[in-house]
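The structure file run.txt is reproduced below (compact mmCIF, C-alpha atoms).
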```
# COMPACT_ATOMS: atom_id res chain seq x y z
CA MET V 1 114.69 79.18 113.70
CA GLU V 2 114.29 78.57 109.96
CA LYS V 3 113.66 81.85 108.17
CA ILE V 4 111.69 81.50 104.96
CA THR V 5 112.72 85.05 104.07
CA GLU V 6 116.37 83.92 104.14
CA SER V 7 115.90 80.63 102.30
CA ALA V 8 117.44 80.14 98.88
CA SER V 9 115.75 81.51 95.79
CA LYS V 10 114.29 78.87 93.52
CA TYR V 11 116.03 80.65 90.64
CA ARG V 12 119.72 80.01 89.93
CA HIS V 13 122.42 81.83 87.98
CA LEU V 14 120.55 85.13 87.78
CA GLU V 15 123.56 86.79 86.21
CA GLN V 16 123.12 84.54 83.16
CA MET V 17 119.50 85.53 82.54
CA SER V 18 118.46 88.02 79.88
CA THR V 19 116.73 91.22 80.92
CA LEU V 20 113.40 89.78 79.77
CA GLU V 21 113.95 86.62 81.80
CA LEU V 22 114.84 88.64 84.90
CA LEU V 23 111.78 90.85 84.62
CA SER V 24 109.41 88.00 83.83
CA ASN V 25 110.66 85.89 86.73
CA ILE V 26 110.49 88.78 89.20
CA ASN V 27 106.95 89.47 88.06
CA ALA V 28 106.01 85.81 88.41
CA GLU V 29 107.21 85.84 92.01
CA ASP V 30 105.43 89.13 92.74
CA GLN V 31 102.09 87.60 91.74
CA SER V 32 102.19 85.41 94.84
CA VAL V 33 102.21 88.40 97.19
CA PRO V 34 98.53 89.46 97.05
CA HIS V 35 97.48 85.88 97.77
CA ALA V 36 99.67 85.80 100.89
CA VAL V 37 98.20 89.13 102.00
CA ALA V 38 94.65 87.90 101.39
CA ARG V 39 95.24 84.99 103.76
CA ALA V 40 96.15 87.49 106.47
CA ILE V 41 92.93 89.55 106.21
CA PRO V 42 91.33 88.04 109.35
CA GLN V 43 94.43 89.04 111.32
CA VAL V 44 94.37 92.53 109.82
CA GLU V 45 90.69 92.85 110.68
CA ALA V 46 91.37 92.06 114.34
CA LEU V 47 94.19 94.62 114.44
CA VAL V 48 92.11 97.39 112.85
CA GLU V 49 89.20 96.65 115.18
CA ALA V 50 91.57 97.08 118.12
CA ILE V 51 93.09 100.33 116.84
CA VAL V 52 89.93 102.27 115.96
CA PRO V 53 88.28 102.58 119.41
CA LYS V 54 91.59 103.59 120.99
CA MET V 55 92.15 106.32 118.39
CA LYS V 56 88.60 107.55 118.91
CA GLU V 57 89.60 108.16 122.52
CA GLY V 58 92.69 110.11 121.48
CA GLY V 59 95.21 107.32 120.98
CA ARG V 60 97.82 107.25 118.26
CA LEU V 61 99.22 104.59 115.92
CA PHE V 62 102.98 104.01 115.90
CA TYR V 63 105.06 101.97 113.45
CA ILE V 64 108.53 100.77 114.46
CA GLY V 65 110.95 99.06 112.13
CA ALA V 66 114.48 98.89 110.77
CA GLY V 67 115.80 99.20 107.22
CA THR V 68 113.19 98.68 104.50
CA SER V 69 110.52 97.87 107.08
CA GLY V 70 111.15 101.10 108.97
CA ARG V 71 111.12 103.14 105.76
CA LEU V 72 107.80 101.62 104.72
CA GLY V 73 106.31 102.58 108.08
CA ILE V 74 107.53 106.14 107.72
CA LEU V 75 106.20 106.30 104.16
CA ASP V 76 102.74 105.15 105.25
CA ALA V 77 102.64 107.51 108.23
CA SER V 78 103.76 110.48 106.13
CA GLU V 79 100.89 110.00 103.69
CA ILE V 80 98.15 110.18 106.33
CA PRO V 81 97.98 113.98 106.85
CA PRO V 82 97.82 114.96 103.14
CA THR V 83 95.47 112.13 102.19
CA PHE V 84 93.05 112.27 105.09
CA GLY V 85 93.62 115.72 106.57
CA ALA V 86 94.60 114.06 109.83
CA PRO V 87 96.95 115.66 112.35
CA PRO V 88 100.60 114.63 111.82
CA ASP V 89 100.75 112.95 115.23
CA TRP V 90 97.90 110.51 114.60
CA VAL V 91 100.15 108.00 112.80
CA ILE V 92 103.88 108.10 113.52
CA GLY V 93 106.66 106.11 111.86
CA ILE V 94 109.88 105.44 113.78
CA ILE V 95 112.96 103.84 112.21
CA ALA V 96 115.98 102.31 113.94
CA GLY V 97 118.83 104.80 113.62
CA GLY V 98 116.58 107.84 113.40
CA ASP V 99 115.93 110.06 110.40
CA THR V 100 119.44 109.45 109.02
CA ALA V 101 118.45 105.83 108.43
CA ILE V 102 115.65 106.83 106.06
CA ARG V 103 118.21 107.42 103.32
CA LYS V 104 121.32 105.64 104.56
CA ALA V 105 121.84 102.48 106.59
CA VAL V 106 122.93 103.15 110.18
CA GLU V 107 125.36 100.48 111.39
CA ASN V 108 124.01 98.17 114.11
CA ALA V 109 120.92 100.32 114.71
CA GLU V 110 118.54 97.39 114.37
CA ASP V 111 120.48 95.32 116.91
CA SER V 112 119.68 97.56 119.89
CA GLU V 113 117.31 95.97 122.40
CA MET V 114 116.56 99.23 124.23
CA GLN V 115 116.42 101.95 121.59
CA ALA V 116 112.90 101.37 120.27
CA TRP V 117 111.41 101.86 123.74
CA LEU V 118 113.51 105.00 124.24
CA ASP V 119 112.34 106.30 120.85
CA LEU V 120 108.71 105.63 121.77
CA LYS V 121 109.04 107.21 125.22
CA ALA V 122 110.22 110.41 123.53
CA TRP V 123 106.64 110.63 122.18
CA GLN V 124 105.15 110.17 125.68
CA ILE V 125 103.56 106.92 124.56
CA ASP V 126 100.70 105.67 126.75
CA LYS V 127 98.02 102.97 127.00
CA LEU V 128 95.71 104.63 124.46
CA ASP V 129 98.35 104.17 121.77
CA THR V 130 98.96 101.14 119.54
CA VAL V 131 102.42 100.09 118.31
CA ILE V 132 102.90 97.94 115.21
CA GLY V 133 106.32 96.37 114.75
CA ILE V 134 107.30 95.79 111.12
CA ALA V 135 109.97 93.16 110.49
CA ALA V 136 110.14 90.89 107.47
CA SER V 137 112.33 88.36 109.31
CA GLY V 138 110.46 88.83 112.56
CA THR V 139 113.72 88.63 114.49
CA THR V 140 114.95 92.26 114.46
CA PRO V 141 115.95 93.07 118.08
CA TYR V 142 114.90 96.72 117.77
CA VAL V 143 111.37 95.62 116.90
CA VAL V 144 111.03 92.48 119.04
CA HIS V 145 112.26 94.13 122.24
CA GLY V 146 110.40 97.35 121.45
CA LEU V 147 107.12 95.44 121.34
CA ARG V 148 108.03 93.49 124.47
CA ALA V 149 108.59 96.74 126.37
CA CYS V 150 105.26 98.05 125.11
CA ARG V 151 103.42 94.96 126.32
CA ASP V 152 105.13 95.22 129.70
CA ALA V 153 103.79 98.79 129.88
CA GLY V 154 100.24 97.71 128.97
CA ILE V 155 100.37 99.17 125.45
CA THR V 156 98.56 97.33 122.65
CA THR V 157 100.91 95.80 120.08
CA GLY V 158 100.65 94.43 116.56
CA CYS V 159 103.22 93.20 114.08
CA ILE V 160 103.71 92.58 110.37
CA THR V 161 106.12 89.80 109.46
CA CYS V 162 106.73 87.19 106.78
CA ASN V 163 108.23 84.34 108.82
CA PRO V 164 106.10 81.72 110.61
CA GLY V 165 107.31 81.12 114.15
CA ALA V 166 109.15 84.45 114.28
CA PRO V 167 109.83 85.87 117.77
CA VAL V 168 107.98 89.09 116.93
CA LEU V 169 104.73 87.13 116.66
CA GLU V 170 105.01 86.27 120.36
CA GLU V 171 105.28 89.96 121.31
CA ALA V 172 102.22 91.11 119.36
CA ASP V 173 98.70 91.14 120.74
CA TYR V 174 97.52 91.26 117.12
CA PRO V 175 100.07 89.52 114.86
CA VAL V 176 99.82 89.72 111.08
CA LEU V 177 101.71 87.09 109.10
CA ALA V 178 102.07 87.11 105.31
CA VAL V 179 104.17 84.17 104.12
CA VAL V 180 105.47 85.19 100.70
CA GLY V 181 108.21 82.56 100.46
CA PRO V 182 111.83 82.91 99.31
CA GLU V 183 112.85 86.08 97.50
CA PHE V 184 113.93 86.15 93.85
CA VAL V 185 117.32 87.39 95.08
CA THR V 186 118.00 85.29 98.17
CA GLY V 187 117.30 87.26 101.34
CA SER V 188 116.40 90.52 99.56
CA THR V 189 113.30 91.26 101.62
CA ARG V 190 112.82 94.68 100.02
CA MET V 191 111.19 92.68 97.22
CA LYS V 192 108.24 90.34 97.96
CA ALA V 193 108.29 90.82 101.71
CA GLY V 194 108.51 94.59 101.30
CA THR V 195 105.63 94.56 98.82
CA ALA V 196 103.50 92.54 101.24
CA GLN V 197 104.31 94.95 104.06
CA LYS V 198 103.34 97.93 101.90
CA LEU V 199 100.02 96.32 100.95
CA LEU V 200 99.26 95.51 104.58
CA LEU V 201 100.12 99.02 105.75
CA ASN V 202 97.87 100.45 103.04
CA MET V 203 95.05 98.25 104.29
CA ILE V 204 95.53 99.02 107.97
CA SER V 205 95.87 102.80 107.78
CA THR V 206 93.21 103.27 105.10
CA ALA V 207 90.66 101.12 106.94
CA VAL V 208 91.43 102.91 110.21
CA MET V 209 91.03 106.36 108.65
CA ILE V 210 87.75 105.40 106.96
CA ARG V 211 86.43 104.01 110.24
CA LEU V 212 87.43 107.30 111.90
CA GLY V 213 85.29 109.22 109.43
CA ARG V 214 88.03 110.73 107.27
CA ILE V 215 86.37 109.62 103.99
CA LYS V 216 82.93 110.61 102.68
CA ASP V 217 81.41 108.10 100.24
CA ASN V 218 84.64 107.22 98.40
CA LYS V 219 86.17 110.70 98.41
CA MET V 220 89.13 112.24 100.23
CA VAL V 221 87.06 115.15 101.52
CA ASP V 222 89.70 116.22 104.06
CA MET V 223 92.77 116.03 101.81
CA HIS V 224 95.30 118.85 101.99
CA LEU V 225 95.15 121.19 98.99
CA THR V 226 98.88 121.25 98.40
CA ASN V 227 99.03 121.54 94.61
CA ALA V 228 97.04 122.40 91.48
CA LYS V 229 96.08 118.77 90.84
CA LEU V 230 94.50 118.40 94.27
CA ILE V 231 92.72 121.75 94.03
CA ASP V 232 91.27 120.66 90.70
CA ARG V 233 90.23 117.29 92.15
CA GLY V 234 88.67 118.99 95.15
CA SER V 235 86.82 121.50 92.97
CA ARG V 236 85.29 118.70 90.94
CA MET V 237 84.29 116.90 94.12
CA VAL V 238 82.54 120.01 95.44
CA ALA V 239 80.77 120.51 92.11
CA GLU V 240 79.63 116.89 92.04
CA SER V 241 78.31 117.06 95.59
CA THR V 242 76.54 120.43 95.33
CA GLY V 243 75.57 120.85 91.68
CA LEU V 244 77.48 124.13 91.50
CA GLU V 245 79.56 125.14 88.49
CA TYR V 246 83.26 124.34 88.57
CA GLU V 247 84.49 127.90 89.15
CA SER V 248 82.04 128.51 91.98
CA SER V 249 83.08 125.21 93.52
CA ARG V 250 86.75 126.10 93.22
CA LYS V 251 86.19 129.47 94.87
CA LEU V 252 84.35 127.85 97.77
CA LEU V 253 87.01 125.20 98.13
CA LEU V 254 89.81 127.74 98.37
CA GLU V 255 87.79 129.88 100.78
CA TYR V 256 87.00 127.08 103.23
CA GLY V 257 90.09 124.93 102.75
CA SER V 258 88.55 121.48 102.36
CA VAL V 259 85.95 119.66 100.31
CA ARG V 260 84.09 118.68 103.46
CA GLU V 261 83.77 122.26 104.72
CA ALA V 262 82.95 123.73 101.32
CA VAL V 263 80.08 121.26 100.83
CA ARG V 264 78.91 121.83 104.40
CA GLN V 265 78.64 125.57 103.75
CA VAL V 266 76.51 125.01 100.66
CA VAL V 267 74.21 122.55 102.44
CA LYS V 268 73.92 124.87 105.44
CA ASN V 269 72.88 127.78 103.28
```
Take the structure in this file and express it as structure tokens.
Amino acid sequence: MEKITESASKYRHLEQMSTLELLSNINAEDQSVPHAVARAIPQVEALVEAIVPKMKEGGRLFYIGAGTSGRLGILDASEIPPTFGAPPDWVIGIIAGGDTAIRKAVENAEDSEMQAWLDLKAWQIDKLDTVIGIAASGTTPYVVHGLRACRDAGITTGCITCNPGAPVLEEADYPVLAVVGPEFVTGSTRMKAGTAQKLLLNMISTAVMIRLGRIKDNKMVDMHLTNAKLIDRGSRMVAESTGLEYESSRKLLLEYGSVREAVRQVVKN
């Protein structure tokens, strides 16, 4: 199979370029990524529409991936609780090689055909859950065989890849394909492919959380108040919604623990 993500960069002799040339050329390539993502929106829509009703019934969303793809899944999953006030087991990122692989490559981890399913079974995965395999090349055994095992078990699957005709597309009920073309540095899929994956994950998880009611108007009313910046933001949100002064809003926010609950108390009274 021809892998676009592995095809030669259209730029030659990078080591001879000036810093300005390097940066300008990288930026020029990056500008193609949003267009590739835009073409995938109908596929993303179908995936989100499949995820939401299952999560409303108590299902969870899993990401599986290796290397950069796995790290991006973990990054997206880790942002869900603080941003949307969602339980930490609503969206779960799993990387080939386990937590060690988040910071350091684990040799041969992505080549296992069985490990992804074992990793998922440790979470007591069931038919209410959805599993999205993330693989720029679309050939990673950990991801391809993990999705195949999920489908065999009747679990809904999706994928995010950047290679047309990739095997992972055949294992996904809801495939998402963003063809970003060759990388600036040949085969370095942490670049354009990684950027496309990050944009798609942003879209999927944000749309799902909004559809699940975790946003009010355009505000993060359930965000965790983990630092002074977020407390200040939340206080201003309460003040805007209720007409109260800032200090009164801040006091209410800290008392009730979320913008949503603080505003609800004012409206109720």
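For Gly98 in chain V, the residues within 9 Å (counting all atoms listed in the file, excluding itself and residues fewer than 4 positions away along the chain) are Ile94, Ile102, Val106, Ala109 and Asp119 of chain V.
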Checklist outcome for this item: A straight line from CA of Glu79 in chain V to CA of Ala239 in chain V spans 25.5 Å
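Pairwise distance (CA of Trp117 in chain V, CA of Thr156 in chain V) equals 13.7 Å.
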Checklist entry - Nearest to Arg39 in chain V among V:Ala178, V:Val221, V:Met114, V:Arg236, with distances taken over all atoms listed in the file: which residue is it? => result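 Looking only at the distances to Arg39 in chain V, the closest residue turns out to be V:Ala178.
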Item to check | Among the residues V:Asn108, V:Asn202, V:Thr186, V:Ser241, the one that comes closest to His13 in chain V [using only C-alpha atoms] | outcome: V:Thr186
So that I can see what lies close to Lys56 in chain V, please list as an mmCIF file with C-alpha atoms, keeping the file's coordinate frame the residues with an atom at most 12 Å from it, counting all atoms listed in the file and leaving out residues fewer than 5 positions away in the same chain.
```cif
data_model
loop_
_atom_site.group_PDB
_atom_site.id
_atom_site.type_symbol
_atom_site.label_atom_id
_atom_site.label_comp_id
_atom_site.auth_asym_id
_atom_site.auth_seq_id
_atom_site.Cartn_x
_atom_site.Cartn_y
_atom_site.Cartn_z
ATOM 1 C CA GLU V 49 89.200 96.650 115.180
ATOM 2 C CA ALA V 50 91.570 97.080 118.120
ATOM 3 C CA ILE V 51 93.090 100.330 116.840
ATOM 4 C CA LEU V 61 99.220 104.590 115.920
ATOM 5 C CA TRP V 90 97.900 110.510 114.600
ATOM 6 C CA LEU V 128 95.710 104.630 124.460
ATOM 7 C CA ASP V 129 98.350 104.170 121.770
ATOM 8 C CA VAL V 208 91.430 102.910 110.210
ATOM 9 C CA MET V 209 91.030 106.360 108.650
ATOM 10 C CA ARG V 211 86.430 104.010 110.240
ATOM 11 C CA LEU V 212 87.430 107.300 111.900
ATOM 12 C CA GLY V 213 85.290 109.220 109.430
#
```
Next on the checklist: Excluding Arg103 in chain V and its own-chain neighbours fewer than 3 positions away, which residues fall within 9 Å of it when counting all atoms listed in the file? Please give them as a list in words.
Outcome noted: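 The contact residues come out as Arg71, Asp99 and Thr100 of chain V.
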Please save C-alpha atoms of the selected residues as a short mmCIF file (atom, residue, chain, number, x, y, z; two decimals), keeping the file's coordinate frame.
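In the end it all went to again_19.cif:
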```cif
data_model
loop_
_atom_site.label_atom_id
_atom_site.label_comp_id
_atom_site.auth_asym_id
_atom_site.auth_seq_id
_atom_site.Cartn_x
_atom_site.Cartn_y
_atom_site.Cartn_z
CA ARG V 71 111.12 103.14 105.76
CA ASP V 99 115.93 110.06 110.40
CA THR V 100 119.44 109.45 109.02
#
```
Next on the checklist: When you look at Asp222 in chain V with a cut-off of 8 Å (counting all atoms listed in the file), what residues show up, excluding the ones that are within fewer than 2 positions of it in the same chain? I need them as a list in words.
Outcome noted: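 With the cut-off at 8 Å, the set is Thr83, Phe84, Gly85, Ala86, Arg214, Ile215, Met220, His224, Ser258, Val259 and Arg260 of chain V.
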Please produce a file of those selected residues containing C-alpha atoms, as a compact mmCIF listing (two decimals), in the coordinates of the input.
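What ended up in part_7.txt:
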```txt
# COMPACT_ATOMS: atom_id res chain seq x y z
CA THR V 83 95.47 112.13 102.19
CA PHE V 84 93.05 112.27 105.09
CA GLY V 85 93.62 115.72 106.57
CA ALA V 86 94.60 114.06 109.83
CA ARG V 214 88.03 110.73 107.27
CA ILE V 215 86.37 109.62 103.99
CA MET V 220 89.13 112.24 100.23
CA HIS V 224 95.30 118.85 101.99
CA SER V 258 88.55 121.48 102.36
CA VAL V 259 85.95 119.66 100.31
CA ARG V 260 84.09 118.68 103.46
```
Checklist entry - Which one of V:Val266, V:Ile74, V:Thr68, V:Asn163 sits closest to Ala105 in chain V if you count only C-alpha atoms? => result V:Thr68
